[in-house]
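*Asks:* Please see the structure below; I have some questions.
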Amino acid sequence: MEHHNVSSIIIGKNNKMIKFRVRQMTINDVNTVLEIWAKNNLHEGTQTIQSFMIQDPEGFIVAEQIFDDDEDEKPKNDGETMTNNGENDQNSTPVIGMCVGIFVHPTIAFIGLYGVQPELHGHGIGIAMWKRMMDHIGSLNAGLYAVPEHLTMYRDRAGFQNPDDRMLIIYESDQDDHLNVDILVNSIPETKIHLITTEWYNKVIDYDAHVHGYIRAKLLPHVFNEEGSAAFVASNMTGEKIFGYGCIRTNNIGKAMIGPLYADNDAIAELLMHYLFGRLSTQFAKGLLYMTLDSNPGGERIAEKLALKQQEKIQRFFRGQPYDGADWDRVYCIHSPNFSLL
Ligand SMILES: CC(C)(COP(=O)(O)OP(=O)(O)OC[C@H]1O[C@@H](n2cnc3c(N)ncnc32)[C@H](O)[C@@H]1OP(=O)(O)O)[C@@H](O)C(=O)NCCC(=O)NCCS
């Protein structure tokens with residue numbers, strides 16, 4: 001049933017009716033969105049959504065539960081929920097699912113963060129958000145990472161028929177795992193490492209543009225300023241030539257997450273990681289997440305050197321031609337599995 005943009009679904013043995021509407025995501029929804037993502041056992045940085053939302057806000061979609069005025073279960077304070085640490089979170093909203101498709105490239109969108117509250121799977125909430133998100137993308141090309149359980153849905157039903165040659169390899173460590181951080185390269189002659197402060201922005205944005213094949217000037221200053229994260233650049237002694245840059249952040253399940261990490265070679269990537277590990281505010285609280293593409297063997301070499309555990313390999317699919325304009329050899333860790341072409 002659909003009425004004034006509100007849909008109804010019937011769930012559970014008691015035939016409970018739930019009403020929802022699909023709308024654009026706001027910053028106030030982010031906490032709830034990250035909790036739903038974690039409940040589905042999927043990861044994203046705690047500040048990554050906020051950065052990418054500035055890039056293309058209309059591509060961020062949520063499903064919001066609608067409560068009648070007399071309903072007992074209406075959350076107090078118009079959607080107040082509890083945070084992971086048990087405190088009341090005034091900024092949460094009654095969101096039950098989300099889906100994002102944004103133009104990260106002038107003509108190619110990237111799709112991610114497609115998830116619904118686990119107890120509400122299979123009732124049409126996901127596809128309602130997906131359609132709204134697809135209205136935003138229109139007929140242009142788009143890519144996504146397809147988790148194995150939904151690979152056929154994306155490929156055979158959603159029109160993402162073109163597999164990319166590259167696979168995403170997800171490495172992880174848990175709280176008590178020992179990582180061989182001490183054996184990473186910790187200095188290179190004629191190479192300096194600097195925190196990415198405003199005076200570095202133009203040079204780093206330029207380096208990033210050579211890796212991506214397009215300019216990300218609107219996005220990157222927000223990425224370098226994400227709360228609780230660290231960002232470093234490697235340069236020659238005069239600072240004129242950039243050799244790579246990297247960021248580390250916390251994610252929605254309390255792990256550290258590296259990305260992007262782009263570098264000219266393995267030694268520079270290791271050196272950047274050495275500095276990144278030293279600066280993360282909640283260092284390795286619950287482990288590390290490291291996502292590399294199999295197109296650069298250096299990314300795998302470093303993961304093995306650190307003694308990270310390989311979790312899974314995930315295939316990328318595109319609606320049109322897979323994106324091939326990047327300098328893949330310099331990609332050691334992707335920026336985001338949800339919002340970024342690399
Ligand atoms: C994937 C997910 C978001 C789908 O949401 P959902 O509300 O459970 O799905 P719906 O009830 O709307 O699906 C209704 C139908 O549309 C299909 N469908 C859902 N999304 C679709 C899409 N993007 N394209 C084509 N078909 C789709 C479903 O397979 C289902 O088909 P069926 O009726 O033949 O079984 C949800 O299952 C989920 O949160 N899964 C865990 C997180 C996850 O794995 N996300 C994907 C990461 S790549």
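Chain labels follow the order of the structure tokens: the first chain is A, the next B, and so on; residue numbering restarts at 1 in every chain, and ligands are counted from 1 in their shown order.
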Report as a VMD selection string which protein, DNA and RNA residues come within 10 Å of ligand 1, using only C-alpha atoms and all ligand atoms.
*Replies:* chain A and resid 36 to 42 63 96 to 99 111 to 131 133 to 134 144 to 160 314 to 316 337 to 338
*Asks:* Taking the chain letters and numbering used in this document, name the residues of stretch 179-268 of chain A that DSSP puts in alpha helix (DSSP H), as a ChimeraX atom specification.
*Replies:* /A:201-212,220-224,266-268
*Asks:* Can you pull out every residue within 7 Å of stretch 237-242 of chain A, counting only C-alpha atoms, but drop anything in the same chain fewer than 5 positions away, and send it as a list of chain:residue names?
*Replies:*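 The residues satisfying every condition are A:Glu190, A:Thr191, A:Lys192, A:Tyr207.
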*Asks:* Write to file, as an mmCIF file, in the first residue's frame, the residues of the selection just made, with C-alpha atoms.
*Replies:*
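Saved to out-v7.cif:
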data_model
loop_
_atom_site.group_PDB
_atom_site.id
_atom_site.type_symbol
_atom_site.label_atom_id
_atom_site.label_comp_id
_atom_site.auth_asym_id
_atom_site.auth_seq_id
_atom_site.Cartn_x
_atom_site.Cartn_y
_atom_site.Cartn_z
ATOM 1 C CA GLU A 190 65.767 12.011 1.028
ATOM 2 C CA THR A 191 62.149 11.507 2.093
ATOM 3 C CA LYS A 192 60.154 13.469 4.659
ATOM 4 C CA TYR A 207 48.821 13.771 -6.456
#
*Asks:* Just want the 8 Å neighbourhood of stretch 267-270 of chain A, counted on only C-alpha atoms, with same-chain residues fewer than 3 positions away dropped. Output as a VMD selection string.
*Replies:* chain A and resid 184 to 186 188 234 243 to 246 261 to 264 273 to 274 302 332
*Asks:* Keeping all heavy atoms for every residue in the selection just given, could you write it to a file as a compact mmCIF listing (two decimals), in the first residue's frame?
*Replies:*
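Saved to part.txt:
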# COMPACT_ATOMS: atom_id res chain seq x y z
N LEU A 184 57.80 -2.49 9.69
CA LEU A 184 57.53 -1.61 8.54
C LEU A 184 58.70 -0.64 8.35
O LEU A 184 59.35 -0.25 9.34
CB LEU A 184 56.26 -0.80 8.77
CG LEU A 184 54.93 -1.55 8.80
CD1 LEU A 184 53.79 -0.59 9.10
CD2 LEU A 184 54.68 -2.27 7.48
N VAL A 185 58.93 -0.25 7.12
CA VAL A 185 59.98 0.74 6.82
C VAL A 185 59.73 1.98 7.68
O VAL A 185 58.61 2.50 7.72
CB VAL A 185 59.93 1.12 5.32
CG1 VAL A 185 60.80 2.33 5.03
CG2 VAL A 185 60.32 -0.06 4.45
N ASN A 186 60.75 2.46 8.41
CA ASN A 186 60.50 3.63 9.26
C ASN A 186 61.29 4.88 8.87
O ASN A 186 61.15 5.92 9.47
CB ASN A 186 60.70 3.31 10.75
CG ASN A 186 62.11 2.86 11.04
OD1 ASN A 186 63.00 3.09 10.22
ND2 ASN A 186 62.31 2.21 12.16
N ILE A 188 63.30 6.65 5.02
CA ILE A 188 63.85 6.50 3.65
C ILE A 188 64.71 7.73 3.39
O ILE A 188 64.25 8.86 3.66
CB ILE A 188 62.71 6.43 2.60
CG1 ILE A 188 61.74 5.27 2.89
CG2 ILE A 188 63.27 6.30 1.19
CD1 ILE A 188 60.54 5.22 1.95
N ALA A 234 54.01 12.07 2.04
CA ALA A 234 55.46 11.84 1.91
C ALA A 234 55.97 12.72 0.77
O ALA A 234 55.35 12.78 -0.30
CB ALA A 234 55.73 10.37 1.59
N PHE A 243 55.44 11.91 -2.93
CA PHE A 243 55.64 10.47 -3.22
C PHE A 243 54.43 9.62 -2.82
O PHE A 243 54.39 8.42 -3.11
CB PHE A 243 56.85 9.95 -2.46
CG PHE A 243 58.14 10.64 -2.78
CD1 PHE A 243 59.05 10.94 -1.77
CD2 PHE A 243 58.47 11.00 -4.08
CE1 PHE A 243 60.25 11.57 -2.05
CE2 PHE A 243 59.68 11.64 -4.37
CZ PHE A 243 60.57 11.92 -3.35
N GLY A 244 53.49 10.22 -2.08
CA GLY A 244 52.31 9.46 -1.67
C GLY A 244 51.64 10.12 -0.49
O GLY A 244 52.17 11.06 0.10
N TYR A 245 50.42 9.65 -0.17
CA TYR A 245 49.76 10.13 1.05
C TYR A 245 48.83 9.05 1.59
O TYR A 245 48.47 8.11 0.87
CB TYR A 245 49.02 11.46 0.81
CG TYR A 245 47.64 11.33 0.21
CD1 TYR A 245 46.52 11.30 1.05
CD2 TYR A 245 47.42 11.24 -1.15
CE1 TYR A 245 45.24 11.19 0.53
CE2 TYR A 245 46.15 11.12 -1.68
CZ TYR A 245 45.05 11.11 -0.84
OH TYR A 245 43.79 10.98 -1.35
N GLY A 246 48.47 9.20 2.87
CA GLY A 246 47.60 8.18 3.47
C GLY A 246 46.82 8.73 4.63
O GLY A 246 47.20 9.74 5.24
N LEU A 261 45.31 5.04 0.87
CA LEU A 261 46.76 4.99 0.98
C LEU A 261 47.29 4.81 -0.44
O LEU A 261 47.14 3.74 -1.03
CB LEU A 261 47.21 3.82 1.88
CG LEU A 261 48.74 3.64 2.01
CD1 LEU A 261 49.40 4.87 2.63
CD2 LEU A 261 49.07 2.41 2.83
N TYR A 262 47.79 5.90 -1.00
CA TYR A 262 48.31 5.91 -2.36
C TYR A 262 49.79 6.28 -2.29
O TYR A 262 50.15 7.25 -1.63
CB TYR A 262 47.57 6.94 -3.23
CG TYR A 262 46.05 6.80 -3.24
CD1 TYR A 262 45.23 7.91 -3.32
CD2 TYR A 262 45.44 5.55 -3.17
CE1 TYR A 262 43.85 7.80 -3.35
CE2 TYR A 262 44.06 5.42 -3.20
CZ TYR A 262 43.26 6.54 -3.28
OH TYR A 262 41.90 6.43 -3.30
N ALA A 263 50.64 5.49 -2.96
CA ALA A 263 52.08 5.74 -2.86
C ALA A 263 52.79 5.27 -4.12
O ALA A 263 52.29 4.40 -4.85
CB ALA A 263 52.64 5.01 -1.64
N ASP A 264 54.00 5.84 -4.35
CA ASP A 264 54.76 5.49 -5.55
C ASP A 264 55.33 4.09 -5.50
O ASP A 264 55.61 3.48 -6.53
CB ASP A 264 55.93 6.48 -5.75
CG ASP A 264 55.43 7.86 -6.17
OD1 ASP A 264 54.21 8.00 -6.38
OD2 ASP A 264 56.26 8.77 -6.30
N MET A 273 52.39 4.26 6.54
CA MET A 273 51.64 3.46 7.53
C MET A 273 52.29 3.54 8.90
O MET A 273 51.60 3.64 9.92
CB MET A 273 51.55 2.01 7.08
CG MET A 273 50.49 1.80 6.02
SD MET A 273 50.42 0.12 5.49
CE MET A 273 49.55 -0.61 6.81
N HIS A 274 53.61 3.50 8.92
CA HIS A 274 54.34 3.61 10.18
C HIS A 274 53.90 4.87 10.93
O HIS A 274 53.62 4.85 12.13
CB HIS A 274 55.84 3.63 9.87
CG HIS A 274 56.70 3.90 11.04
ND1 HIS A 274 57.09 2.92 11.92
CD2 HIS A 274 57.24 5.07 11.48
CE1 HIS A 274 57.84 3.48 12.85
NE2 HIS A 274 57.95 4.77 12.62
N ILE A 302 52.28 -5.94 1.91
CA ILE A 302 52.31 -5.22 3.19
C ILE A 302 51.34 -5.87 4.18
O ILE A 302 51.66 -6.03 5.36
CB ILE A 302 51.99 -3.73 2.99
CG1 ILE A 302 53.09 -3.08 2.16
CG2 ILE A 302 51.83 -3.01 4.32
CD1 ILE A 302 52.85 -1.63 1.78
N TYR A 332 47.35 1.42 -2.67
CA TYR A 332 47.69 0.43 -1.64
C TYR A 332 46.47 0.10 -0.77
O TYR A 332 46.25 -1.05 -0.43
CB TYR A 332 48.88 0.90 -0.80
CG TYR A 332 50.18 0.70 -1.55
CD1 TYR A 332 50.59 1.62 -2.50
CD2 TYR A 332 50.94 -0.45 -1.36
CE1 TYR A 332 51.76 1.42 -3.24
CE2 TYR A 332 52.10 -0.66 -2.09
CZ TYR A 332 52.50 0.27 -3.03
OH TYR A 332 53.65 0.04 -3.76
*Asks:* Skip A:Glu312 itself and residues of its chain fewer than 6 positions away, then list as a VMD selection string all residues within 9 Å of it, counting only C-alpha atoms.
*Replies:* chain A and resid 168 to 171
*Asks:* Could the residues in this selection be saved with N, CA, C and O atoms as a PDB file, in the first residue's frame?
*Replies:*
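Here's the written file part-v2.pdb:
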ATOM      1  N   LEU A 168      38.566  -6.682  -4.683  1.00  0.00           N
ATOM      2  CA  LEU A 168      38.928  -6.046  -3.410  1.00  0.00           C
ATOM      3  C   LEU A 168      39.295  -7.155  -2.420  1.00  0.00           C
ATOM      4  O   LEU A 168      38.545  -8.123  -2.275  1.00  0.00           O
ATOM      5  N   ILE A 169      40.460  -7.032  -1.780  1.00  0.00           N
ATOM      6  CA  ILE A 169      40.835  -8.032  -0.764  1.00  0.00           C
ATOM      7  C   ILE A 169      40.727  -7.353   0.600  1.00  0.00           C
ATOM      8  O   ILE A 169      41.375  -6.321   0.837  1.00  0.00           O
ATOM      9  N   ILE A 170      39.912  -7.926   1.455  1.00  0.00           N
ATOM     10  CA  ILE A 170      39.720  -7.348   2.792  1.00  0.00           C
ATOM     11  C   ILE A 170      40.565  -8.113   3.800  1.00  0.00           C
ATOM     12  O   ILE A 170      40.423  -9.329   3.957  1.00  0.00           O
ATOM     13  N   TYR A 171      41.455  -7.382   4.451  1.00  0.00           N
ATOM     14  CA  TYR A 171      42.274  -7.947   5.531  1.00  0.00           C
ATOM     15  C   TYR A 171      41.812  -7.328   6.842  1.00  0.00           C
ATOM     16  O   TYR A 171      41.400  -6.158   6.872  1.00  0.00           O
TER      17      TYR A 171
END
*Asks:* Which one is closest to A:Leu220: A:Val104, A:Leu272, A:Ile11, A:Leu289? Count only C-alpha atoms.
*Replies:*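 Closest residue, counting only C-alpha atoms: A:Val104.
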*Asks:* Provide the atom CA of A:Arg216 to atom CA of A:Pro322 distance in Å, to one decimal place.
*Replies:*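 Atom CA of A:Pro322 lies at a distance of 19.3 Å from atom CA of A:Arg216.
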*Asks:* Find the spatial neighbours of A:Gln24, counting only C-alpha atoms, within a cut-off of 12 Å - ignore same-chain residues fewer than 3 positions away - and output them as a list of chain:residue names.
*Replies:*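 That gives A:Arg21, A:Ile27, A:Asn28, A:Asp29, A:Val30, A:Met53, A:Asp56, A:Pro57, A:Glu58, A:Gly59, A:Phe60, A:Ile61, A:Val62, A:Ala63, A:Glu64, A:Val95, A:Gly97, A:Met98, A:Cys99, A:Val100, A:Gly101, A:Met129, A:Arg132, A:Met133, A:His136.
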*Asks:* Any chance you could export the current selection's N, CA, C and O atoms as a CSV table (one decimal), in the first residue's frame?
*Replies:*
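The result, stored in out.csv:
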chain,number,residue,atom,x,y,z
A,21,ARG,N,8.8,5.9,5.0
A,21,ARG,CA,8.9,6.7,3.8
A,21,ARG,C,10.4,6.8,3.5
A,21,ARG,O,11.3,6.7,4.3
A,27,ILE,N,22.6,14.7,8.2
A,27,ILE,CA,23.7,14.5,9.1
A,27,ILE,C,23.2,13.8,10.4
A,27,ILE,O,23.8,12.9,11.0
A,28,ASN,N,22.0,14.2,10.8
A,28,ASN,CA,21.4,13.6,12.1
A,28,ASN,C,21.1,12.1,12.0
A,28,ASN,O,21.0,11.4,13.0
A,29,ASP,N,21.1,11.6,10.7
A,29,ASP,CA,20.8,10.2,10.5
A,29,ASP,C,22.1,9.3,10.7
A,29,ASP,O,22.0,8.1,10.8
A,30,VAL,N,23.2,9.9,10.6
A,30,VAL,CA,24.5,9.2,10.4
A,30,VAL,C,24.7,8.1,11.5
A,30,VAL,O,25.1,7.0,11.2
A,53,MET,N,29.0,13.2,1.9
A,53,MET,CA,27.7,13.8,1.7
A,53,MET,C,27.8,15.2,1.2
A,53,MET,O,27.0,15.7,0.4
A,56,ASP,N,27.9,15.1,-2.8
A,56,ASP,CA,26.7,14.8,-3.6
A,56,ASP,C,25.5,14.4,-2.7
A,56,ASP,O,25.1,13.3,-2.6
A,57,PRO,N,25.0,15.4,-1.9
A,57,PRO,CA,24.0,15.0,-0.9
A,57,PRO,C,22.8,14.3,-1.4
A,57,PRO,O,22.2,13.5,-0.6
A,58,GLU,N,22.3,14.6,-2.6
A,58,GLU,CA,21.1,14.0,-3.1
A,58,GLU,C,21.2,12.5,-3.3
A,58,GLU,O,20.1,11.8,-3.4
A,59,GLY,N,22.4,12.0,-3.3
A,59,GLY,CA,22.5,10.5,-3.6
A,59,GLY,C,22.4,9.7,-2.3
A,59,GLY,O,22.5,8.5,-2.3
A,60,PHE,N,22.3,10.4,-1.1
A,60,PHE,CA,22.2,9.7,0.2
A,60,PHE,C,20.8,9.5,0.6
A,60,PHE,O,20.1,10.5,0.8
A,61,ILE,N,20.3,8.3,0.6
A,61,ILE,CA,18.9,8.0,0.8
A,61,ILE,C,18.7,7.2,2.0
A,61,ILE,O,19.5,6.3,2.3
A,62,VAL,N,17.6,7.4,2.8
A,62,VAL,CA,17.3,6.5,3.9
A,62,VAL,C,15.8,6.2,3.8
A,62,VAL,O,15.0,6.8,3.2
A,63,ALA,N,15.4,5.1,4.6
A,63,ALA,CA,14.0,4.8,4.8
A,63,ALA,C,13.8,5.1,6.3
A,63,ALA,O,14.6,4.7,7.2
A,64,GLU,N,12.7,5.9,6.5
A,64,GLU,CA,12.5,6.3,7.9
A,64,GLU,C,11.1,5.7,8.3
A,64,GLU,O,10.1,5.8,7.6
A,95,VAL,N,15.5,5.8,11.6
A,95,VAL,CA,15.9,5.3,10.3
A,95,VAL,C,16.0,3.8,10.3
A,95,VAL,O,16.5,3.2,11.3
A,97,GLY,N,16.8,1.9,7.3
A,97,GLY,CA,17.6,1.5,6.1
A,97,GLY,C,18.3,2.6,5.4
A,97,GLY,O,17.9,3.8,5.6
A,98,MET,N,19.2,2.3,4.5
A,98,MET,CA,19.9,3.4,3.8
A,98,MET,C,20.5,2.8,2.5
A,98,MET,O,20.7,1.6,2.4
A,99,CYS,N,20.7,3.7,1.5
A,99,CYS,CA,21.3,3.3,0.2
A,99,CYS,C,21.9,4.6,-0.4
A,99,CYS,O,21.3,5.7,-0.3
A,100,VAL,N,23.1,4.5,-0.9
A,100,VAL,CA,23.8,5.6,-1.4
A,100,VAL,C,24.3,5.4,-2.8
A,100,VAL,O,24.9,4.4,-3.1
A,101,GLY,N,24.1,6.4,-3.7
A,101,GLY,CA,24.7,6.4,-5.0
A,101,GLY,C,25.1,7.8,-5.4
A,101,GLY,O,24.2,8.6,-5.5
A,129,MET,N,14.3,2.1,-1.5
A,129,MET,CA,15.4,3.1,-1.4
A,129,MET,C,16.2,3.0,-2.7
A,129,MET,O,16.7,4.0,-3.2
A,132,ARG,N,14.8,5.0,-5.5
A,132,ARG,CA,15.0,6.5,-5.3
A,132,ARG,C,16.4,6.9,-5.6
A,132,ARG,O,16.7,7.9,-6.3
A,133,MET,N,17.3,6.0,-5.2
A,133,MET,CA,18.8,6.3,-5.4
A,133,MET,C,19.0,6.2,-7.0
A,133,MET,O,19.8,7.1,-7.5
A,136,HIS,N,18.4,9.3,-9.0
A,136,HIS,CA,19.4,10.3,-8.9
A,136,HIS,C,20.5,10.0,-9.9
A,136,HIS,O,21.0,10.9,-10.6
*Asks:* Quick one: residues within 7 Å of A:Ala109, only C-alpha atoms, excluding same-chain residues fewer than 2 positions away - as a ChimeraX atom specification?
*Replies:* /A:101-105,107,111,137,141-143
*Asks:* For the selection you just gave me, I'd like the residues written to a file as a PDB file, in the first residue's frame, keeping N, CA and C atoms.
*Replies:*
ATOM      1  N   GLY A 101      24.112   6.383  -3.670  1.00  0.00           N
ATOM      2  CA  GLY A 101      24.673   6.351  -5.027  1.00  0.00           C
ATOM      3  C   GLY A 101      25.076   7.766  -5.376  1.00  0.00           C
ATOM      4  N   ILE A 102      26.366   8.015  -5.462  1.00  0.00           N
ATOM      5  CA  ILE A 102      26.819   9.405  -5.620  1.00  0.00           C
ATOM      6  C   ILE A 102      27.812   9.526  -6.779  1.00  0.00           C
ATOM      7  N   PHE A 103      27.831  10.731  -7.360  1.00  0.00           N
ATOM      8  CA  PHE A 103      28.777  10.977  -8.453  1.00  0.00           C
ATOM      9  C   PHE A 103      30.126  11.363  -7.874  1.00  0.00           C
ATOM     10  N   VAL A 104      31.011  10.370  -7.825  1.00  0.00           N
ATOM     11  CA  VAL A 104      32.359  10.623  -7.322  1.00  0.00           C
ATOM     12  C   VAL A 104      33.267  11.043  -8.475  1.00  0.00           C
ATOM     13  N   HIS A 105      32.845  10.768  -9.683  1.00  0.00           N
ATOM     14  CA  HIS A 105      33.555  11.077 -10.914  1.00  0.00           C
ATOM     15  C   HIS A 105      32.547  11.879 -11.751  1.00  0.00           C
ATOM     16  N   THR A 107      31.201  11.550 -14.554  1.00  0.00           N
ATOM     17  CA  THR A 107      30.136  10.800 -15.242  1.00  0.00           C
ATOM     18  C   THR A 107      29.934   9.387 -14.700  1.00  0.00           C
ATOM     19  N   ILE A 111      28.037   3.180  -5.867  1.00  0.00           N
ATOM     20  CA  ILE A 111      26.896   2.799  -5.023  1.00  0.00           C
ATOM     21  C   ILE A 111      27.389   2.015  -3.819  1.00  0.00           C
ATOM     22  N   ILE A 137      20.860   8.692 -10.106  1.00  0.00           N
ATOM     23  CA  ILE A 137      21.956   8.320 -11.023  1.00  0.00           C
ATOM     24  C   ILE A 137      21.510   8.383 -12.489  1.00  0.00           C
ATOM     25  N   ASN A 141      26.792   5.673 -15.993  1.00  0.00           N
ATOM     26  CA  ASN A 141      27.533   4.494 -15.518  1.00  0.00           C
ATOM     27  C   ASN A 141      27.662   4.540 -13.993  1.00  0.00           C
ATOM     28  N   ALA A 142      27.742   3.367 -13.383  1.00  0.00           N
ATOM     29  CA  ALA A 142      27.902   3.288 -11.929  1.00  0.00           C
ATOM     30  C   ALA A 142      28.601   1.985 -11.582  1.00  0.00           C
ATOM     31  N   GLY A 143      29.331   1.998 -10.468  1.00  0.00           N
ATOM     32  CA  GLY A 143      30.026   0.796  -9.998  1.00  0.00           C
ATOM     33  C   GLY A 143      29.642   0.485  -8.577  1.00  0.00           C
TER      34      GLY A 143
END
*Asks:* Here is a test: counting only C-alpha atoms, which residue of A:Phe67, A:Gly138, A:Ile54, A:Gly12 is nearest to A:Arg319?
*Replies:*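 Using only C-alpha atoms, the shortest distance to A:Arg319 belongs to A:Gly138.
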*Asks:* Quick one, how far is atom CA of A:Phe20 from atom CA of A:Thr93?
*Replies:*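 Between atom CA of A:Phe20 and atom CA of A:Thr93 the gap is 12.6 Å.
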*Asks:* Determine which residues of stretch 56-244 of chain A receive a DSSP assignment of strand (DSSP E or B), computed from the backbone, and state them as a PyMOL selection string.
*Replies:* chain A and resi 60-66+81-82+88-89+95-103+108-116+141-146+162-172+192-195+230-235+242-244
*Asks:* One decimal, in Å: what's the spacing between atom CA of A:Lys309 and atom CA of A:Ile49?
*Replies:*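 Atom CA of A:Ile49 lies at a distance of 26.3 Å from atom CA of A:Lys309.
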*Asks:* Calculated over only C-alpha atoms, which of the candidates A:Lys19, A:Arg330, A:His43, A:Lys13 has the smallest distance to A:His210?
*Replies:*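 Among the listed residues, A:Arg330 lies closest to A:His210.
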